[in-house]
Amino acid sequence: MRPLDFRTRLWVGHVVVLALMLALAAFGADWALRRVILGRVDDEILVLANTEAAALVENPTMPLHILEITPGPPSFVRLDKLVQITHLDGRVAARSATLGSARLPTSSELLERLRGGETVFGTVADFAEPIRMVSLPIDVGGGRYAIQVAMSLDDAYAATRVGRWLFLSMSVVILLVIGLTGVLLARNALRPIDRMVSRARRIGEANLADRLPHPGTADEIGRLVETLNEMLERLERSFEVRRMFSADASHELRSPLSRLRAELEVALRRPRPLAEYEETLRSCLDEVDRVQGVIEELLELARIDTSAEQEPPEAISVGDLIEAAVVAVRPRAELQGVVVVADRLPDVLVNAAPVAAKVALANILDNAVKFSPGGSEVRIAVTEVDDEAVIAVCDAGPGVAPEEAERLFQPFYRFKQIA
């Protein structure tokens, strides 16, 4: 069996919970209506019983008779009451004309409770029709009697049935209306997700620059889209770093590997003296060292590009930072006959990522040394401007053409030298 999709499960759960709530509300309303109607019936028969008792106490004539009372204003229950006066041994002393030849029930348990002075309410289902009855004990002329007043429950039951059907029909209508509304709401609420899914299926490695459509709201779906778009941005950056690493590696390694291959091929063309082989091997070792340095630099740059957010900034000394960068470029500077000089460094602390800052400064110094003529000088100066440390590197190199200044921070880009 195919499982239901999220939209259907959401709608079914919504309808089930609503149905349970409506069922509880309908049962509660039916119970409350039944209590109200039966309470009204009890009030009416008790008022009539008290009226009969008061009339008997005022006129304790013998034999006892029923006080016929003109019915009051009509209500939702019938006013044809049944009245009976009974001795506490069960004998009937008088009864109303509405009873005819019938008599209201007087069980032994009822008589026992009446002899104890208790007013007793009860429902009699095995009478000619269901009735509600109250039995009220009373003392008249030195004798003890019970006044019993009853009335039919047909109208009360009819009213409760009408109320029950009314509650049921209202619950069904409410359930249908809210169920249909739930379908529309679920469809509208999940439509942005459908668009997101459709767009996400079209995003691949070739078009990582695409983003999921934003619903334009700041709700949960809006935050989800923003989170997924941020994830796509990180993925795009990671793929771009990988692509740049591949391109940079192939570009930087091509020249030293070509020189290494050429030297080895030349050395193997004919037998040579041992000194020439040693010179060739030393040259090859220098090229290997250069290749290794390029690879380490590429890996370090890739690591910085992919995890720059993971390296928290910390307070570092500008002097320590410059000294570490100078140590890194000193072998190349000595090889080219370039002197790296640092002016008196102030005791300044800056907030920066230590590794990234050291690599960036070392690359700047390396470029300054690389393009400086032999015997020249590369000078480093540090100044404080608006609570910031500014590191300036000056060299005697050819400089950068103005039209290429915007590409200054592209990795491994070769600038045209100014004549």
# chains A, B, ... in the order shown; residues from 1 in each chain; ligands from 1
$ select_by_dssp --residues "stretch 300-404 of chain A" --states "helix (DSSP H, G or I)" --output "CSV table (one decimal) with N, CA and C atoms, in the first residue's frame"
chain,number,residue,atom,x,y,z
A,300,GLU,N,47.0,25.1,1.4
A,300,GLU,CA,46.7,26.0,2.5
A,300,GLU,C,45.6,27.1,2.1
A,301,LEU,N,45.7,27.5,0.9
A,301,LEU,CA,44.7,28.5,0.3
A,301,LEU,C,43.3,27.8,0.2
A,302,ALA,N,43.3,26.6,-0.2
A,302,ALA,CA,42.0,25.9,-0.3
A,302,ALA,C,41.4,25.7,1.1
A,303,ARG,N,42.3,25.3,2.0
A,303,ARG,CA,41.8,25.1,3.4
A,303,ARG,C,41.2,26.4,4.0
A,304,ILE,N,41.9,27.5,3.7
A,304,ILE,CA,41.4,28.8,4.2
A,304,ILE,C,40.1,29.2,3.5
A,305,ASP,N,40.0,29.0,2.2
A,305,ASP,CA,38.8,29.3,1.5
A,305,ASP,C,37.6,28.5,2.0
A,306,THR,N,37.8,27.3,2.3
A,306,THR,CA,36.7,26.4,2.7
A,306,THR,C,36.4,26.5,4.2
A,307,SER,N,37.3,26.9,5.0
A,307,SER,CA,37.0,26.9,6.5
A,307,SER,C,37.4,28.2,7.1
A,308,ALA,N,37.2,29.3,6.3
A,308,ALA,CA,37.6,30.6,6.9
A,308,ALA,C,36.6,31.0,8.1
A,309,GLU,N,35.4,30.5,7.9
A,309,GLU,CA,34.4,30.8,9.0
A,309,GLU,C,34.7,30.0,10.3
A,310,GLN,N,35.4,28.9,10.1
A,310,GLN,CA,35.7,28.0,11.3
A,310,GLN,C,36.9,28.5,12.1
A,318,VAL,N,51.0,42.3,15.8
A,318,VAL,CA,51.4,42.6,14.4
A,318,VAL,C,52.9,42.3,14.2
A,319,GLY,N,53.7,42.5,15.2
A,319,GLY,CA,55.2,42.2,15.1
A,319,GLY,C,55.4,40.7,14.9
A,320,ASP,N,54.7,39.9,15.7
A,320,ASP,CA,54.8,38.4,15.5
A,320,ASP,C,54.3,38.0,14.1
A,321,LEU,N,53.3,38.6,13.6
A,321,LEU,CA,52.7,38.3,12.3
A,321,LEU,C,53.7,38.6,11.2
A,322,ILE,N,54.4,39.8,11.3
A,322,ILE,CA,55.3,40.2,10.2
A,322,ILE,C,56.6,39.3,10.3
A,323,GLU,N,57.0,39.0,11.5
A,323,GLU,CA,58.2,38.2,11.6
A,323,GLU,C,58.0,36.8,11.0
A,324,ALA,N,56.8,36.2,11.2
A,324,ALA,CA,56.5,34.9,10.7
A,324,ALA,C,56.5,34.9,9.2
A,325,ALA,N,55.9,36.0,8.6
A,325,ALA,CA,55.8,36.1,7.1
A,325,ALA,C,57.2,36.4,6.5
A,326,VAL,N,58.1,37.1,7.2
A,326,VAL,CA,59.4,37.4,6.8
A,326,VAL,C,60.2,36.1,6.8
A,327,VAL,N,60.1,35.3,7.8
A,327,VAL,CA,60.8,34.0,7.9
A,327,VAL,C,60.4,33.1,6.7
A,328,ALA,N,59.1,33.2,6.3
A,328,ALA,CA,58.6,32.3,5.2
A,328,ALA,C,59.2,32.7,3.9
A,329,VAL,N,59.5,34.0,3.6
A,329,VAL,CA,60.0,34.4,2.3
A,329,VAL,C,61.5,34.6,2.3
A,330,ARG,N,62.2,34.4,3.4
A,330,ARG,CA,63.6,34.7,3.5
A,330,ARG,C,64.4,33.8,2.5
A,331,PRO,N,64.1,32.5,2.4
A,331,PRO,CA,64.9,31.7,1.4
A,331,PRO,C,64.9,32.3,0.0
A,332,ARG,N,63.7,32.7,-0.5
A,332,ARG,CA,63.6,33.2,-1.8
A,332,ARG,C,64.4,34.6,-1.9
A,333,ALA,N,64.2,35.4,-0.8
A,333,ALA,CA,64.9,36.7,-0.9
A,333,ALA,C,66.4,36.5,-0.9
A,334,GLU,N,66.9,35.6,-0.1
A,334,GLU,CA,68.4,35.4,-0.2
A,334,GLU,C,68.8,34.8,-1.5
A,335,LEU,N,68.0,34.0,-2.1
A,335,LEU,CA,68.4,33.4,-3.4
A,335,LEU,C,68.4,34.5,-4.5
A,336,GLN,N,67.5,35.5,-4.4
A,336,GLN,CA,67.5,36.5,-5.4
A,336,GLN,C,68.3,37.8,-5.1
A,354,PRO,N,44.8,33.9,12.7
A,354,PRO,CA,46.2,33.9,12.6
A,354,PRO,C,46.8,33.2,11.4
A,355,VAL,N,46.3,32.1,11.0
A,355,VAL,CA,46.8,31.3,9.8
A,355,VAL,C,46.5,32.1,8.5
A,356,ALA,N,45.3,32.6,8.4
A,356,ALA,CA,44.9,33.3,7.2
A,356,ALA,C,45.7,34.6,7.0
A,357,ALA,N,45.9,35.3,8.1
A,357,ALA,CA,46.6,36.5,8.1
A,357,ALA,C,48.1,36.3,7.7
A,358,LYS,N,48.7,35.2,8.3
A,358,LYS,CA,50.1,34.9,8.0
A,358,LYS,C,50.3,34.6,6.5
A,359,VAL,N,49.4,33.7,6.0
A,359,VAL,CA,49.5,33.3,4.6
A,359,VAL,C,49.3,34.5,3.7
A,360,ALA,N,48.3,35.4,4.0
A,360,ALA,CA,48.1,36.5,3.1
A,360,ALA,C,49.3,37.4,3.1
A,361,LEU,N,49.9,37.8,4.2
A,361,LEU,CA,51.0,38.7,4.3
A,361,LEU,C,52.2,38.0,3.6
A,362,ALA,N,52.4,36.7,3.8
A,362,ALA,CA,53.6,36.0,3.2
A,362,ALA,C,53.5,36.0,1.7
A,363,ASN,N,52.2,35.9,1.2
A,363,ASN,CA,52.1,35.9,-0.3
A,363,ASN,C,52.4,37.3,-0.8
A,364,ILE,N,52.0,38.3,-0.1
A,364,ILE,CA,52.3,39.7,-0.6
A,364,ILE,C,53.9,39.9,-0.6
A,365,LEU,N,54.5,39.5,0.5
A,365,LEU,CA,56.0,39.6,0.5
A,365,LEU,C,56.6,38.7,-0.6
A,366,ASP,N,56.1,37.6,-0.8
A,366,ASP,CA,56.7,36.7,-1.8
A,366,ASP,C,56.6,37.3,-3.2
A,367,ASN,N,55.5,37.9,-3.5
A,367,ASN,CA,55.3,38.6,-4.8
A,367,ASN,C,56.3,39.8,-4.9
A,368,ALA,N,56.4,40.5,-3.8
A,368,ALA,CA,57.3,41.7,-3.8
A,368,ALA,C,58.8,41.3,-4.0
A,369,VAL,N,59.2,40.1,-3.4
A,369,VAL,CA,60.5,39.6,-3.6
A,369,VAL,C,60.7,39.1,-5.0
A,370,LYS,N,59.7,38.4,-5.5
A,370,LYS,CA,59.8,37.7,-6.8
A,370,LYS,C,60.0,38.7,-7.9
A,402,PRO,N,47.3,49.7,-14.4
A,402,PRO,CA,46.1,50.2,-13.8
A,402,PRO,C,44.8,49.4,-14.2
A,403,GLU,N,44.8,48.9,-15.4
A,403,GLU,CA,43.6,48.2,-15.9
A,403,GLU,C,43.5,46.8,-15.3
A,404,GLU,N,44.5,46.3,-14.7
A,404,GLU,CA,44.5,45.0,-14.1
A,404,GLU,C,44.4,45.1,-12.5
$ atom_distance --atom1 "atom CA of A:Val197" --atom2 "atom CA of A:Leu180"
25.0 Å
$ closest_residue --among "A:Ala146, A:Val225, A:Ala396, A:Leu136" --to "A:Arg91" --atoms "only C-alpha atoms"
A:Ala146
$ atom_distance --atom1 "atom CA of A:Phe371" --atom2 "atom CA of A:Ala389"
25.6 Å
$ residues_around --residues "A:Arg103" --least-positions-apart "6" --cutoff "12 Å" --atoms "only C-alpha atoms" --output "PyMOL selection string"
chain A and resi 82-86+90-97+127-128+148-150
$ atom_distance --atom1 "atom CA of A:Leu24" --atom2 "atom CA of A:Gly122"
27.8 Å
$ select_by_dssp --residues "stretch 9-172 of chain A" --states "strand (DSSP E or B)" --output "count of residues only"
35
$ residues_around --residues "A:Asp89" --least-positions-apart "2" --cutoff "12 Å" --atoms "only C-alpha atoms" --output "list in words"
Ile85, Thr86, His87, Arg91, Val92, Ala93, Thr106, Ser107, Ser108, Glu109, Leu110, Leu111, Glu112, Arg113, Leu114, Arg115, Gly143, Arg144, Tyr145 and Ala146 of chain A
$ closest_residue --among "A:Ala342, A:Ile147, A:Ala25, A:Leu228" --to "A:Ile174" --atoms "only C-alpha atoms"
A:Ala25
$ closest_residue --among "A:Ala200, A:Asn188, A:Leu153, A:Ser255" --to "A:Pro215" --atoms "only C-alpha atoms"
A:Asn188
$ residues_around --residues "A:Leu175" --least-positions-apart "4" --cutoff "8 Å" --atoms "only C-alpha atoms" --output "PyMOL selection string"
chain A and resi 15+18-19+22+171+179
$ closest_atom_pairs --of "stretch 83-185 of chain A" --to "stretch 30-43 of chain A" --cutoff "9 Å" --atoms "only C-alpha atoms" --output "Markdown table"
| residue | atom | partner | partner_atom | distance |
| --- | --- | --- | --- | --- |
| A:Phe121 | CA | A:Asp42 | CA | 7.7 |
| A:Arg132 | CA | A:Asp42 | CA | 7.5 |
| A:Met133 | CA | A:Asp42 | CA | 7.9 |
| A:Val134 | CA | A:Asp42 | CA | 7.6 |
| A:Met151 | CA | A:Val41 | CA | 7.9 |
| A:Leu153 | CA | A:Val41 | CA | 8.4 |
| A:Ala156 | CA | A:Ile37 | CA | 6.3 |
| A:Tyr157 | CA | A:Arg34 | CA | 8.3 |
| A:Ala159 | CA | A:Ile37 | CA | 8.1 |
| A:Thr160 | CA | A:Arg34 | CA | 5.9 |
| A:Arg161 | CA | A:Asp30 | CA | 8.9 |
| A:Gly163 | CA | A:Asp30 | CA | 6.8 |
| A:Arg164 | CA | A:Asp30 | CA | 5.8 |
| A:Phe167 | CA | A:Asp30 | CA | 7.5 |
$ write_last_selection --atoms "N, CA and C atoms" --output "tab-separated table (two decimals), in the first residue's frame"
chain	number	residue	atom	x	y	z
A	121	PHE	N	-37.53	12.24	43.71
A	121	PHE	CA	-37.77	12.38	42.28
A	121	PHE	C	-37.46	11.05	41.61
A	132	ARG	N	-42.15	11.74	34.55
A	132	ARG	CA	-41.26	12.19	35.60
A	132	ARG	C	-42.13	12.50	36.82
A	133	MET	N	-41.76	11.97	37.99
A	133	MET	CA	-42.63	12.04	39.16
A	133	MET	C	-41.84	12.52	40.36
A	134	VAL	N	-42.53	13.33	41.21
A	134	VAL	CA	-41.98	13.74	42.49
A	134	VAL	C	-42.97	13.32	43.58
A	151	MET	N	-45.61	14.17	35.30
A	151	MET	CA	-45.95	14.70	33.99
A	151	MET	C	-45.23	13.89	32.91
A	153	LEU	N	-43.01	12.76	29.77
A	153	LEU	CA	-41.68	13.14	29.26
A	153	LEU	C	-41.61	13.09	27.74
A	156	ALA	N	-40.41	16.40	26.47
A	156	ALA	CA	-39.02	16.61	26.87
A	156	ALA	C	-38.08	15.76	26.03
A	157	TYR	N	-38.47	14.49	25.84
A	157	TYR	CA	-37.64	13.62	25.01
A	157	TYR	C	-37.61	14.09	23.56
A	159	ALA	N	-37.84	17.19	22.60
A	159	ALA	CA	-36.96	18.35	22.54
A	159	ALA	C	-35.49	17.93	22.56
A	160	THR	N	-35.18	16.93	23.41
A	160	THR	CA	-33.78	16.46	23.43
A	160	THR	C	-33.40	15.79	22.12
A	161	ARG	N	-34.36	15.08	21.47
A	161	ARG	CA	-34.04	14.46	20.17
A	161	ARG	C	-33.79	15.53	19.11
A	163	GLY	N	-32.72	18.56	19.70
A	163	GLY	CA	-31.42	19.14	20.01
A	163	GLY	C	-30.28	18.24	19.58
A	164	ARG	N	-30.45	16.91	19.78
A	164	ARG	CA	-29.39	15.97	19.40
A	164	ARG	C	-29.17	15.99	17.89
A	167	PHE	N	-27.46	19.27	16.98
A	167	PHE	CA	-26.02	19.25	17.27
A	167	PHE	C	-25.28	18.38	16.26
$ closest_residue --among "A:Trp165, A:Ala53, A:Leu212, A:Ser317" --to "A:Asp139" --atoms "only C-alpha atoms"
A:Ala53
$ closest_residue --among "A:Val400, A:Ala186, A:Val124, A:Ile316" --to "A:Val350" --atoms "only C-alpha atoms"
A:Ile316
